[in-house]
>>> print(open('structure23.txt').read())   # compact mmCIF, C-alpha atoms and all ligand atoms
# COMPACT_ATOMS: atom_id res chain seq x y z
CA MET A 1 -13.15 -11.34 -5.11
CA ARG A 2 -16.53 -9.71 -4.60
CA ILE A 3 -18.29 -8.30 -1.54
CA GLU A 4 -21.89 -9.42 -1.19
CA GLU A 5 -22.87 -7.61 1.97
CA ILE A 6 -21.27 -5.21 4.44
CA ARG A 7 -22.62 -4.70 7.94
CA LEU A 8 -21.26 -1.99 10.20
CA GLU A 9 -22.01 -1.21 13.80
CA ASN A 10 -20.61 1.87 15.56
CA PHE A 11 -17.94 2.41 12.95
CA ARG A 12 -16.93 6.12 12.88
CA ASN A 13 -20.11 8.06 12.00
CA TYR A 14 -22.08 4.91 11.09
CA ALA A 15 -24.32 3.79 13.95
CA ARG A 16 -25.46 0.94 11.71
CA LEU A 17 -25.16 0.17 8.04
CA LYS A 18 -26.27 -2.87 6.06
CA TRP A 19 -25.41 -2.64 2.39
CA GLN A 20 -25.27 -5.00 -0.55
CA PRO A 21 -22.92 -3.33 -3.03
CA ASN A 22 -22.96 -3.64 -6.78
CA PRO A 23 -20.69 -6.43 -8.07
CA LEU A 24 -18.85 -3.93 -10.30
CA ILE A 25 -18.65 -0.20 -9.72
CA ASN A 26 -19.88 1.48 -6.56
CA MET A 27 -19.74 5.22 -6.49
CA ILE A 28 -20.11 6.78 -3.06
CA THR A 29 -21.13 10.41 -3.34
CA GLY A 30 -21.96 13.17 -0.90
CA GLY A 31 -20.68 16.42 0.54
CA ASN A 32 -17.63 16.73 2.75
CA ALA A 33 -17.60 14.92 6.10
CA GLN A 34 -20.50 12.63 5.24
CA GLY A 35 -18.65 9.37 5.81
CA LYS A 36 -17.45 8.42 2.31
CA THR A 37 -13.83 7.77 3.28
CA ASN A 38 -15.06 6.15 6.51
CA LEU A 39 -16.90 3.54 4.45
CA LEU A 40 -13.77 2.65 2.43
CA GLU A 41 -11.83 2.52 5.69
CA ALA A 42 -14.41 0.10 7.14
CA ILE A 43 -14.00 -2.25 4.15
CA PHE A 44 -10.20 -2.09 4.41
CA PHE A 45 -10.34 -2.65 8.17
CA GLY A 46 -12.71 -5.61 7.73
CA PHE A 47 -10.18 -7.41 5.53
CA THR A 48 -6.84 -6.31 6.97
CA GLY A 49 -7.52 -5.61 10.66
CA HIS A 50 -6.04 -2.12 10.45
CA SER A 51 -6.87 1.29 9.06
CA PHE A 52 -5.24 3.04 6.11
CA ARG A 53 -5.58 6.41 7.82
CA THR A 54 -4.62 5.91 11.46
CA ASN A 55 -2.45 3.72 13.68
CA ARG A 56 -4.80 4.33 16.59
CA ASP A 57 -7.49 1.69 16.17
CA ARG A 58 -9.73 3.23 18.79
CA GLU A 59 -10.39 6.27 16.60
CA MET A 60 -12.57 4.03 14.43
CA ILE A 61 -15.06 3.36 17.24
CA ARG A 62 -18.04 5.67 17.07
CA TRP A 63 -17.79 8.40 19.68
CA SER A 64 -19.52 7.44 22.93
CA SER A 65 -19.64 3.74 21.92
CA SER A 66 -17.71 0.96 23.60
CA PHE A 67 -17.03 -1.16 20.50
CA CYS A 68 -17.30 -1.30 16.73
CA ARG A 69 -18.00 -4.26 14.48
CA VAL A 70 -17.40 -4.78 10.75
CA GLU A 71 -18.82 -7.86 9.04
CA ILE A 72 -18.27 -8.64 5.37
CA ASP A 73 -19.75 -11.49 3.36
CA PHE A 74 -17.80 -12.07 0.14
CA TRP A 75 -17.22 -14.45 -2.75
CA LEU A 76 -13.82 -15.83 -3.58
CA ASP A 77 -13.18 -18.62 -6.11
CA GLU A 78 -16.92 -19.17 -6.27
CA GLN A 79 -16.95 -19.89 -2.55
CA HIS A 80 -18.89 -17.93 -0.02
CA ASN A 81 -16.79 -16.48 2.84
CA SER A 82 -17.34 -14.18 5.76
CA THR A 83 -15.08 -12.06 7.87
CA VAL A 84 -15.92 -10.39 11.18
CA ILE A 85 -13.87 -8.01 13.25
CA LEU A 86 -14.80 -6.65 16.64
CA LEU A 87 -12.85 -3.88 18.30
CA THR A 88 -13.46 -2.72 21.86
CA ALA A 89 -12.66 0.60 23.51
CA GLU A 90 -10.17 -1.26 25.75
CA GLY A 91 -8.25 -2.08 22.58
CA LYS A 92 -9.22 -5.76 22.28
CA LYS A 93 -9.54 -6.96 18.70
CA GLN A 94 -11.23 -10.22 17.68
CA ARG A 95 -11.03 -11.39 14.08
CA LYS A 96 -12.70 -14.34 12.47
CA LEU A 97 -12.57 -15.68 8.94
CA ASN A 98 -15.36 -18.12 8.15
CA GLY A 99 -16.06 -18.41 11.85
CA LYS A 100 -12.47 -19.32 12.79
CA SER A 101 -10.22 -17.13 14.91
CA GLY A 102 -6.63 -16.71 13.82
CA HIS A 103 -7.38 -17.37 10.15
CA THR A 104 -6.55 -14.54 7.74
CA LEU A 105 -6.66 -13.98 3.99
CA ASP A 106 -3.68 -14.36 1.66
CA PRO A 107 -2.01 -10.90 1.77
CA LEU A 108 -2.14 -10.75 -2.02
CA LEU A 109 -5.93 -10.77 -1.89
CA LEU A 110 -6.25 -7.81 0.44
CA PRO A 111 -7.91 -4.71 -1.06
CA VAL A 112 -5.74 -2.28 -2.99
CA VAL A 113 -6.38 1.23 -1.77
CA PHE A 114 -5.64 4.62 -3.24
CA THR A 115 -6.11 7.77 -1.14
CA PRO A 116 -4.80 11.30 -1.69
CA ASP A 117 -2.11 10.47 0.92
CA HIS A 118 -0.61 8.03 -1.55
CA LEU A 119 0.69 10.99 -3.52
CA LEU A 120 3.42 10.99 -0.87
CA MET A 121 4.80 7.98 -2.76
CA ILE A 122 5.97 10.57 -5.27
CA LYS A 123 6.17 13.79 -3.26
CA GLY A 124 7.19 12.50 0.15
CA SER A 125 10.41 11.28 1.72
CA PRO A 126 12.25 8.10 0.60
CA GLU A 127 10.70 6.36 3.59
CA MET A 128 7.28 6.59 1.94
CA ARG A 129 8.58 4.84 -1.17
CA ARG A 130 10.33 2.18 0.90
CA ARG A 131 7.07 1.59 2.73
CA TRP A 132 5.35 0.93 -0.59
CA LEU A 133 8.22 -1.33 -1.73
CA ASP A 134 8.12 -3.30 1.52
CA GLN A 135 4.44 -3.43 2.35
CA GLU A 136 2.77 -3.56 -1.04
CA LEU A 137 5.21 -4.72 -3.70
CA GLY A 138 7.44 -6.95 -1.54
CA PRO A 139 4.72 -9.37 -0.41
CA LEU A 140 4.34 -10.47 -4.06
CA GLN A 141 7.62 -12.33 -3.51
CA PRO A 142 7.21 -15.31 -1.17
CA GLY A 143 9.59 -14.99 1.77
CA TYR A 144 10.07 -11.23 1.37
CA LEU A 145 8.36 -10.16 4.60
CA ALA A 146 10.13 -12.77 6.74
CA CYS A 147 13.50 -11.76 5.27
CA LEU A 148 12.74 -8.07 5.85
CA ARG A 149 11.81 -8.66 9.50
CA ARG A 150 15.08 -10.54 10.06
CA TYR A 151 17.04 -7.78 8.30
CA GLN A 152 15.47 -5.14 10.56
CA GLN A 153 16.43 -7.11 13.66
CA VAL A 154 20.03 -7.51 12.47
CA LEU A 155 20.14 -3.82 11.55
CA ALA A 156 19.00 -2.73 15.03
CA GLN A 157 21.56 -4.98 16.71
CA ARG A 158 24.35 -3.85 14.40
CA ASN A 159 23.52 -0.16 15.04
CA ASN A 160 23.62 -0.84 18.75
CA LEU A 161 27.04 -2.45 18.39
CA LEU A 162 28.36 0.47 16.27
CA GLN A 163 27.40 2.87 19.06
CA LYS A 164 29.17 0.72 21.67
CA ILE A 165 32.31 0.57 19.50
CA ARG A 166 32.20 4.37 19.25
CA GLU A 167 32.03 4.57 23.05
CA GLY A 168 34.94 2.15 23.38
CA GLN A 169 32.88 -0.58 25.05
CA ARG A 170 33.24 -3.11 22.19
CA THR A 171 35.79 -3.87 19.45
CA ARG A 172 35.62 -3.60 15.66
CA GLN A 173 36.24 -7.33 15.24
CA GLU A 174 32.82 -7.99 16.74
CA LEU A 175 31.21 -6.40 13.68
CA GLU A 176 32.23 -9.25 11.37
CA PRO A 177 29.38 -11.74 12.00
CA TRP A 178 26.83 -8.92 11.85
CA ASN A 179 28.25 -7.74 8.52
CA GLN A 180 27.77 -11.24 7.13
CA GLN A 181 24.14 -11.40 8.15
CA LEU A 182 23.34 -7.84 7.17
CA ALA A 183 24.86 -8.23 3.72
CA SER A 184 23.28 -11.58 2.91
CA LEU A 185 19.76 -10.60 4.05
CA GLY A 186 20.08 -7.09 2.58
CA THR A 187 21.29 -8.45 -0.76
CA ARG A 188 18.28 -10.69 -1.05
CA ILE A 189 15.92 -7.77 -0.34
CA VAL A 190 17.61 -5.51 -2.93
CA ALA A 191 17.63 -8.29 -5.56
CA TRP A 192 13.94 -9.08 -4.95
CA ARG A 193 12.96 -5.41 -5.11
CA CYS A 194 14.81 -4.96 -8.42
CA CYS A 195 13.27 -8.11 -9.84
CA LEU A 196 9.72 -7.12 -8.82
CA LEU A 197 10.20 -3.61 -10.20
CA ALA A 198 11.45 -5.03 -13.48
CA LYS A 199 8.27 -7.12 -13.75
CA LEU A 200 6.07 -4.23 -12.68
CA PHE A 201 7.45 -1.58 -14.94
CA PRO A 202 6.21 -2.74 -18.35
CA ILE A 203 2.72 -2.90 -16.84
CA VAL A 204 3.06 0.63 -15.39
CA ARG A 205 4.10 1.90 -18.82
CA GLU A 206 1.11 0.30 -20.49
CA ILE A 207 -1.36 1.64 -17.90
CA TYR A 208 0.19 5.11 -17.93
CA ALA A 209 -0.11 5.24 -21.71
CA GLN A 210 -3.79 4.41 -21.40
CA ILE A 211 -4.66 6.88 -18.63
CA GLY A 212 -2.12 9.64 -19.18
CA GLY A 213 -1.73 9.49 -22.94
CA LYS A 214 1.01 8.35 -25.28
CA ASP A 215 2.94 11.65 -25.20
CA GLU A 216 4.00 11.10 -21.62
CA LYS A 217 6.59 8.41 -21.06
CA PRO A 218 6.95 7.24 -17.48
CA GLY A 219 10.19 5.79 -16.21
CA PHE A 220 11.68 4.73 -12.95
CA SER A 221 14.86 3.55 -11.41
CA TYR A 222 15.94 1.99 -8.18
CA LEU A 223 18.31 4.28 -6.31
CA SER A 224 20.50 2.17 -4.11
CA SER A 225 22.83 3.20 -1.32
CA LEU A 226 25.12 0.53 -2.80
CA PRO A 227 27.04 1.28 -6.00
CA LEU A 228 24.92 -1.15 -8.04
CA GLU A 229 25.21 0.42 -11.49
CA ARG A 230 23.69 -2.34 -13.57
CA ALA A 231 24.30 -5.17 -11.11
CA THR A 232 21.14 -6.99 -10.10
CA GLY A 233 22.48 -10.53 -9.60
CA GLU A 234 22.81 -11.60 -5.96
CA THR A 235 26.55 -12.43 -6.17
CA GLU A 236 27.45 -9.01 -7.55
CA ILE A 237 25.23 -7.16 -5.09
CA LEU A 238 26.72 -9.12 -2.18
CA GLU A 239 30.26 -8.27 -3.26
CA ARG A 240 29.41 -4.56 -3.45
CA PHE A 241 27.65 -4.72 -0.10
CA PHE A 242 30.80 -6.07 1.61
CA GLY A 243 32.91 -3.50 -0.29
CA GLU A 244 30.81 -0.62 1.01
CA LEU A 245 30.71 -1.95 4.57
CA SER A 246 34.50 -2.02 4.73
CA ARG A 247 34.94 1.31 2.90
CA ARG A 248 32.55 3.18 5.20
CA CYS A 249 33.39 1.40 8.45
CA ASN A 250 34.97 4.46 10.16
CA GLU A 251 32.09 6.70 9.16
CA GLU A 252 29.54 4.15 10.42
CA ILE A 253 31.27 3.94 13.80
CA ALA A 254 31.52 7.73 14.08
CA ARG A 255 27.79 8.06 13.38
CA GLY A 256 26.74 4.92 15.23
CA GLN A 257 24.56 3.92 12.26
CA THR A 258 24.50 1.50 9.35
CA LEU A 259 24.75 3.73 6.29
CA VAL A 260 24.27 1.24 3.44
CA GLY A 261 21.61 -1.32 2.65
CA PRO A 262 17.98 -1.52 1.54
CA HIS A 263 16.87 0.62 4.52
CA ARG A 264 18.65 3.57 2.84
CA ASP A 265 17.48 2.92 -0.72
CA ASP A 266 14.97 4.88 -2.75
CA MET A 267 13.16 4.87 -6.06
CA VAL A 268 12.84 7.71 -8.59
CA THR A 269 9.90 8.08 -10.92
CA THR A 270 10.24 10.16 -14.06
CA ILE A 271 7.92 11.49 -16.76
CA ASN A 272 9.60 12.11 -20.10
CA GLY A 273 12.94 11.77 -18.35
CA GLN A 274 12.24 14.45 -15.70
CA ASP A 275 11.94 13.67 -11.99
CA ALA A 276 8.18 13.40 -11.33
CA ARG A 277 8.66 14.57 -7.76
CA ARG A 278 10.19 17.91 -8.75
CA PHE A 279 8.70 18.59 -12.17
CA GLY A 280 5.50 16.55 -12.44
CA SER A 281 2.16 18.37 -12.33
CA GLN A 282 -0.38 17.31 -9.69
CA GLY A 283 -2.36 15.40 -12.30
CA GLN A 284 0.76 13.66 -13.62
CA GLN A 285 1.82 12.65 -10.12
CA ARG A 286 -1.63 11.28 -9.43
CA THR A 287 -1.64 9.39 -12.72
CA MET A 288 1.76 7.92 -11.85
CA VAL A 289 0.62 6.68 -8.44
CA LEU A 290 -2.53 5.22 -9.97
CA ALA A 291 -0.48 3.46 -12.64
CA LEU A 292 1.81 1.99 -9.97
CA LYS A 293 -1.13 0.83 -7.87
CA LEU A 294 -3.06 -0.65 -10.79
CA ALA A 295 0.08 -2.37 -12.05
CA GLN A 296 0.56 -3.86 -8.60
CA LEU A 297 -2.96 -5.23 -8.92
CA GLU A 298 -2.19 -6.85 -12.30
CA LEU A 299 1.00 -8.39 -10.95
CA GLY A 300 -0.91 -9.72 -7.93
CA LYS A 301 -3.45 -11.31 -10.28
CA ARG A 302 -0.66 -13.25 -11.99
CA PHE A 303 0.25 -14.81 -8.64
CA THR A 304 -3.21 -15.48 -7.22
CA GLY A 305 -5.40 -15.76 -10.32
CA ASP A 306 -7.85 -13.21 -8.88
CA TYR A 307 -8.08 -9.44 -8.61
CA PRO A 308 -8.50 -7.93 -5.17
CA ILE A 309 -11.11 -5.27 -4.49
CA ILE A 310 -10.13 -1.69 -5.36
CA LEU A 311 -10.82 1.22 -3.03
CA LEU A 312 -10.32 4.64 -4.62
CA ASP A 313 -10.77 7.61 -2.32
CA ASP A 314 -11.31 10.97 -3.96
CA VAL A 315 -9.47 9.75 -7.00
CA PHE A 316 -11.01 12.08 -9.55
CA SER A 317 -9.88 15.43 -8.24
CA GLU A 318 -6.97 16.82 -10.21
CA LEU A 319 -7.55 14.44 -13.11
CA ASP A 320 -8.94 15.99 -16.27
CA GLN A 321 -12.03 14.51 -17.86
CA ASN A 322 -10.05 12.42 -20.31
CA ARG A 323 -7.95 10.84 -17.54
CA ARG A 324 -11.07 10.18 -15.47
CA GLU A 325 -12.75 8.41 -18.35
CA GLN A 326 -9.66 6.35 -19.15
CA LEU A 327 -9.29 5.40 -15.50
CA VAL A 328 -12.87 4.18 -15.26
CA GLY A 329 -12.42 2.33 -18.57
CA ARG A 330 -9.30 0.65 -17.21
CA ILE A 331 -10.84 -0.68 -14.01
CA GLN A 332 -14.40 -1.40 -14.99
CA GLY A 333 -15.42 -5.00 -15.28
CA LYS A 334 -12.19 -6.41 -13.79
CA THR A 335 -13.12 -6.44 -10.18
CA GLN A 336 -15.37 -4.78 -7.70
CA VAL A 337 -14.53 -1.11 -7.27
CA PHE A 338 -15.54 1.37 -4.59
CA LEU A 339 -14.89 4.99 -5.37
CA THR A 340 -15.75 8.14 -3.53
CA THR A 341 -16.32 11.61 -4.85
CA SER A 342 -17.56 14.83 -3.37
CA LEU A 343 -17.89 16.47 -6.77
CA SER A 344 -21.34 17.24 -8.09
CA THR A 345 -22.57 14.11 -9.76
CA GLY A 346 -23.17 15.66 -13.17
CA TRP A 347 -20.11 14.57 -15.06
CA GLU A 348 -19.57 11.31 -13.16
CA MET A 349 -23.00 10.23 -14.24
CA SER A 350 -22.11 11.09 -17.82
CA VAL A 351 -18.79 9.21 -17.59
CA LEU A 352 -20.37 6.29 -15.90
CA SER A 353 -23.68 6.29 -17.73
CA GLY A 354 -24.48 3.01 -19.37
CA ARG A 355 -22.10 1.23 -17.00
CA LYS A 356 -23.35 -0.93 -14.22
CA ILE A 357 -22.95 1.14 -11.10
CA THR A 358 -24.46 1.75 -7.75
CA VAL A 359 -24.50 5.19 -6.25
CA LEU A 360 -24.60 5.10 -2.48
CA ASP A 361 -25.66 8.35 -0.93
CA HIS A 362 -25.03 9.05 2.72
CA VAL A 363 -28.74 9.05 3.52
CA LEU A 364 -28.51 5.24 3.48
CA TYR A 365 -27.08 4.96 6.94
CA GLU A 366 -28.79 5.40 10.27
CA GLY A 367 -27.27 7.74 12.84
CA GLY A 368 -24.49 10.17 12.10
N1 LIG B 401 -14.99 7.87 15.75
C1 LIG B 401 -15.91 8.65 15.16
N2 LIG B 401 -17.18 8.67 15.63
C2 LIG B 401 -18.13 9.44 15.04
N3 LIG B 401 -17.90 10.21 13.97
C3 LIG B 401 -16.66 10.22 13.47
C4 LIG B 401 -15.61 9.45 14.01
N4 LIG B 401 -14.49 9.65 13.30
C5 LIG B 401 -14.83 10.52 12.34
N5 LIG B 401 -16.14 10.87 12.43
C6 LIG B 401 -16.90 11.79 11.57
O1 LIG B 401 -16.68 11.42 10.23
C7 LIG B 401 -16.50 12.63 9.48
C8 LIG B 401 -15.52 12.40 8.36
O2 LIG B 401 -16.00 11.39 7.53
P1 LIG B 401 -15.20 11.07 6.19
O3 LIG B 401 -13.75 11.31 6.39
O4 LIG B 401 -15.63 9.73 5.75
O5 LIG B 401 -15.80 12.22 5.27
P2 LIG B 401 -15.89 12.23 3.68
O6 LIG B 401 -17.31 11.97 3.32
O7 LIG B 401 -14.87 11.34 3.10
O8 LIG B 401 -15.55 13.76 3.41
P3 LIG B 401 -14.57 14.47 2.34
O9 LIG B 401 -15.39 14.67 1.10
O10 LIG B 401 -14.26 15.77 3.01
O11 LIG B 401 -13.38 13.59 2.15
C9 LIG B 401 -15.91 13.64 10.45
O12 LIG B 401 -16.35 14.92 10.15
C10 LIG B 401 -16.42 13.21 11.76
O13 LIG B 401 -17.54 13.97 12.14
MG MG B 402 -13.03 11.69 2.29
>>> encode(input="structure23.txt", output="structure tokens")
Amino acid sequence: MRIEEIRLENFRNYARLKWQPNPLINMITGGNAQGKTNLLEAIFFGFTGHSFRTNRDREMIRWSSSFCRVEIDFWLDEQHNSTVILLTAEGKKQRKLNGKSGHTLDPLLLPVVFTPDHLLMIKGSPEMRRRWLDQELGPLQPGYLACLRRYQQVLAQRNNLLQKIREGQRTRQELEPWNQQLASLGTRIVAWRCCLLAKLFPIVREIYAQIGGKDEKPGFSYLSSLPLERATGETEILERFFGELSRRCNEEIARGQTLVGPHRDDMVTTINGQDARRFGSQGQQRTMVLALKLAQLELGKRFTGDYPIILLDDVFSELDQNRREQLVGRIQGKTQVFLTTSLSTGWEMSVLSGRKITVLDHVLYEGG
């Protein structure tokens, strides 16, 4: 996929912008608060209909404006496409793909984004890692998102029932049909996650070796709330799911909560056998997240035959020169890349010299 032209109107600090990016690497430079991240956000918003930095859409509309518009012309499979999104201050959102409302892109073709917040995938709570598993890795498996939505509904209803049993309004017997549904949907989610991780991991290892060096061996394991040990087949997982539900029934009623299942699972990343969250350096953690993200991109390519666009926000800080060079070497030429940096341009130009790049400086836009 390749963006041909981006047009912005009233998006954050951009009154207007019309830009034809380079087909390969686009480096967006400038001091702090110039609108570098805003530009990546606009691209992401144009394709996905939401921001990667806020849940409040309205924040993206330029102050004192009543709407914002993002238009992107792009090439996909040698076909020309266009996407337009209009957002009004009243919260109305209109999206069109090739002039048609209601049409959206295959989720696997949506841009892959890396921002400093993604370090929370390593440093943050298990919820952050589950979000990555569910929103970024999961969609590589057809049916994953539908199954997850159903699981979340069943989970909410089962929790509600557990609370009523605790209060004496309902009986334990009523749990049975919910256990069946919870276990069968939950088993499928756990099995899919394990299977996707098993496919992803060899790619992560290869990318980590390239960017981080051969002396650092990354590893990771799926930490389940079920006693999985080495079980990854659906029949075994299902058996253990039922086992845990009956073993912890009293505790679940006392707490009014479902205590086992994919909504309580986690993932641990290690470097040379040590937990990356507790012992990894900042640069190692960043390298690990990048390796996971880039591996996700490679896996996506196997399914769709095309690489999505890559958006890298402030990716260079905390990486030493060698890692920066290896990273650029890894991504260049595969797909269109947009990267921001507030560092002085001296070394980037030396790393990137001789490569086909465009440097966009903030002076390009009108307004501010
Ligand atoms: N809705 C908005 N309307 C107008 N300006 C906005 C809006 N939202 C944010 N801004 C401006 O955008 C600036 C931040 O832009 P952005 O986050 O893209 O900076 P940056 O170039 O990435 O900086 P850094 O190098 O610090 O990451 C803010 O300082 C703010 O003035
Ligand atoms: Mg920024």
>>> closest_residue(input="structure23.txt", among="A:Phe52, A:Thr115, A:Met267, A:Trp75", to="ligand MG 402 (chain B)", atoms="only C-alpha atoms and all ligand atoms")
A:Thr115
>>> residues_near_ligand(input="structure23.txt", ligand="ligand LIG 401 (chain B)", cutoff="6 Å", atoms="all atoms listed in the file", output="list in words")
Arg12, Asn13, Gly31, Asn32, Ala33, Gln34, Gly35, Lys36, Thr37, Asn38, Glu59, Met60, Ile61, Arg62, Trp63 and Ser342 of chain A
>>> closest_residue(input="structure23.txt", among="A:Cys68, A:Val337, A:Val84, A:Leu185", to="Ile3 of chain A", atoms="all atoms listed in the file")
A:Val337
>>> residues_around(input="structure23.txt", residues="Ser64 of chain A", least_positions_apart="6", cutoff="12 Å", atoms="only C-alpha atoms", output="PyMOL selection string")
chain A and resi 10-13+15+58+88-89
>>> atom_distance(input="structure23.txt", atom1="atom CA of Asn160 of chain A", atom2="atom CA of Leu175 of chain A")
10.7 Å
>>> atom_distance(input="structure23.txt", atom1="atom CA of Leu196 of chain A", atom2="atom CA of Ala231 of chain A")
14.9 Å
>>> closest_residue(input="structure23.txt", among="A:Leu200, A:Ile253, A:Val328, A:Leu109", to="Leu312 of chain A", atoms="all atoms listed in the file")
A:Val328
>>> atom_distance(input="structure23.txt", atom1="atom CA of Gly233 of chain A", atom2="atom CA of Cys195 of chain A")
9.5 Å
>>> residues_around(input="structure23.txt", residues="Asp117 of chain A", least_positions_apart="5", cutoff="10 Å", atoms="all atoms listed in the file", output="list in words")
Phe52, Arg53, Lys123, Gly124 and Asp313 of chain A
>>> residues_around(input="structure23.txt", residues="Arg158 of chain A", least_positions_apart="2", cutoff="12 Å", atoms="all atoms listed in the file", output="VMD selection string")
chain A and resid 151 to 156 160 to 165 170 172 174 to 183 245 252 to 253 256 to 259
>>> closest_atom_pairs(input="structure23.txt", of="segment 113-193 of chain A", to="segment 212-228 of chain A", cutoff="10 Å", atoms="only C-alpha atoms", output="tab-separated table")
residue	atom	partner	partner_atom	distance
A:Pro126	CA	A:Leu223	CA	10.0
A:Thr187	CA	A:Leu226	CA	10.0
A:Val190	CA	A:Ser224	CA	8.3
A:Arg193	CA	A:Tyr222	CA	8.5
>>> closest_residue(input="structure23.txt", among="A:Leu137, A:Ile271, A:Cys249, A:Leu339", to="Gln296 of chain A", atoms="all atoms listed in the file")
A:Leu137
>>> closest_residue(input="structure23.txt", among="A:Leu40, A:Ala291, A:Leu197, A:Ser246", to="ligand MG 402 (chain B)", atoms="all atoms listed in the file")
A:Leu40
>>> closest_residue(input="structure23.txt", among="A:Leu39, A:Ile25, A:Leu120, A:Leu8", to="Lys334 of chain A", atoms="all atoms listed in the file")
A:Ile25
>>> residues_around(input="structure23.txt", residues="Pro23 of chain A", least_positions_apart="2", cutoff="10 Å", atoms="only C-alpha atoms", output="PyMOL selection string")
chain A and resi 1-4+20-21+25-26+333+335-338+356-358
>>> write_last_selection(input="structure23.txt", atoms="C-alpha atoms", output="compact mmCIF listing (two decimals), in the coordinates of the input")
# COMPACT_ATOMS: atom_id res chain seq x y z
CA MET A 1 -13.15 -11.34 -5.11
CA ARG A 2 -16.53 -9.71 -4.60
CA ILE A 3 -18.29 -8.30 -1.54
CA GLU A 4 -21.89 -9.42 -1.19
CA GLN A 20 -25.27 -5.00 -0.55
CA PRO A 21 -22.92 -3.33 -3.03
CA ILE A 25 -18.65 -0.20 -9.72
CA ASN A 26 -19.88 1.48 -6.56
CA GLY A 333 -15.42 -5.00 -15.28
CA THR A 335 -13.12 -6.44 -10.18
CA GLN A 336 -15.37 -4.78 -7.70
CA VAL A 337 -14.53 -1.11 -7.27
CA PHE A 338 -15.54 1.37 -4.59
CA LYS A 356 -23.35 -0.93 -14.22
CA ILE A 357 -22.95 1.14 -11.10
CA THR A 358 -24.46 1.75 -7.75
>>> residues_around(input="structure23.txt", residues="segment 138-142 of chain A", least_positions_apart="4", cutoff="8 Å", atoms="all atoms listed in the file", output="JSON, numbers by chain")
{"A": [107, 108, 133, 134, 192, 193, 196, 299, 300, 303]}
>>> build_atoms(input="structure23.txt", residues="segment 195-205 of chain A", atoms="N, CA, C and O atoms", output="short mmCIF file (atom, residue, chain, number, x, y, z; two decimals), in the frame of the given file")
data_model
loop_
_atom_site.label_atom_id
_atom_site.label_comp_id
_atom_site.auth_asym_id
_atom_site.auth_seq_id
_atom_site.Cartn_x
_atom_site.Cartn_y
_atom_site.Cartn_z
N CYS A 195 13.94 -7.13 -8.99
CA CYS A 195 13.27 -8.11 -9.84
C CYS A 195 11.77 -7.80 -9.94
O CYS A 195 11.19 -7.80 -11.03
N LEU A 196 11.15 -7.46 -8.80
CA LEU A 196 9.72 -7.12 -8.82
C LEU A 196 9.48 -5.84 -9.62
O LEU A 196 8.53 -5.75 -10.39
N LEU A 197 10.37 -4.86 -9.46
CA LEU A 197 10.20 -3.61 -10.20
C LEU A 197 10.35 -3.85 -11.70
O LEU A 197 9.62 -3.26 -12.50
N ALA A 198 11.26 -4.74 -12.06
CA ALA A 198 11.45 -5.03 -13.48
C ALA A 198 10.20 -5.70 -14.07
O ALA A 198 9.85 -5.47 -15.23
N LYS A 199 9.51 -6.49 -13.26
CA LYS A 199 8.27 -7.12 -13.75
C LYS A 199 7.14 -6.11 -13.79
O LYS A 199 6.26 -6.15 -14.63
N LEU A 200 7.16 -5.19 -12.80
CA LEU A 200 6.07 -4.23 -12.68
C LEU A 200 6.11 -3.18 -13.77
O LEU A 200 5.10 -2.73 -14.28
N PHE A 201 7.32 -2.77 -14.13
CA PHE A 201 7.45 -1.58 -14.94
C PHE A 201 6.78 -1.63 -16.32
O PHE A 201 6.10 -0.67 -16.70
N PRO A 202 6.91 -2.71 -17.05
CA PRO A 202 6.21 -2.74 -18.35
C PRO A 202 4.70 -2.56 -18.19
O PRO A 202 4.04 -1.94 -19.04
N ILE A 203 4.16 -3.05 -17.06
CA ILE A 203 2.72 -2.90 -16.84
C ILE A 203 2.40 -1.44 -16.52
O ILE A 203 1.42 -0.88 -16.99
N VAL A 204 3.27 -0.80 -15.72
CA VAL A 204 3.06 0.63 -15.39
C VAL A 204 3.04 1.44 -16.68
O VAL A 204 2.18 2.30 -16.89
N ARG A 205 3.99 1.13 -17.58
CA ARG A 205 4.10 1.90 -18.82
C ARG A 205 2.82 1.77 -19.65
O ARG A 205 2.30 2.74 -20.18
#
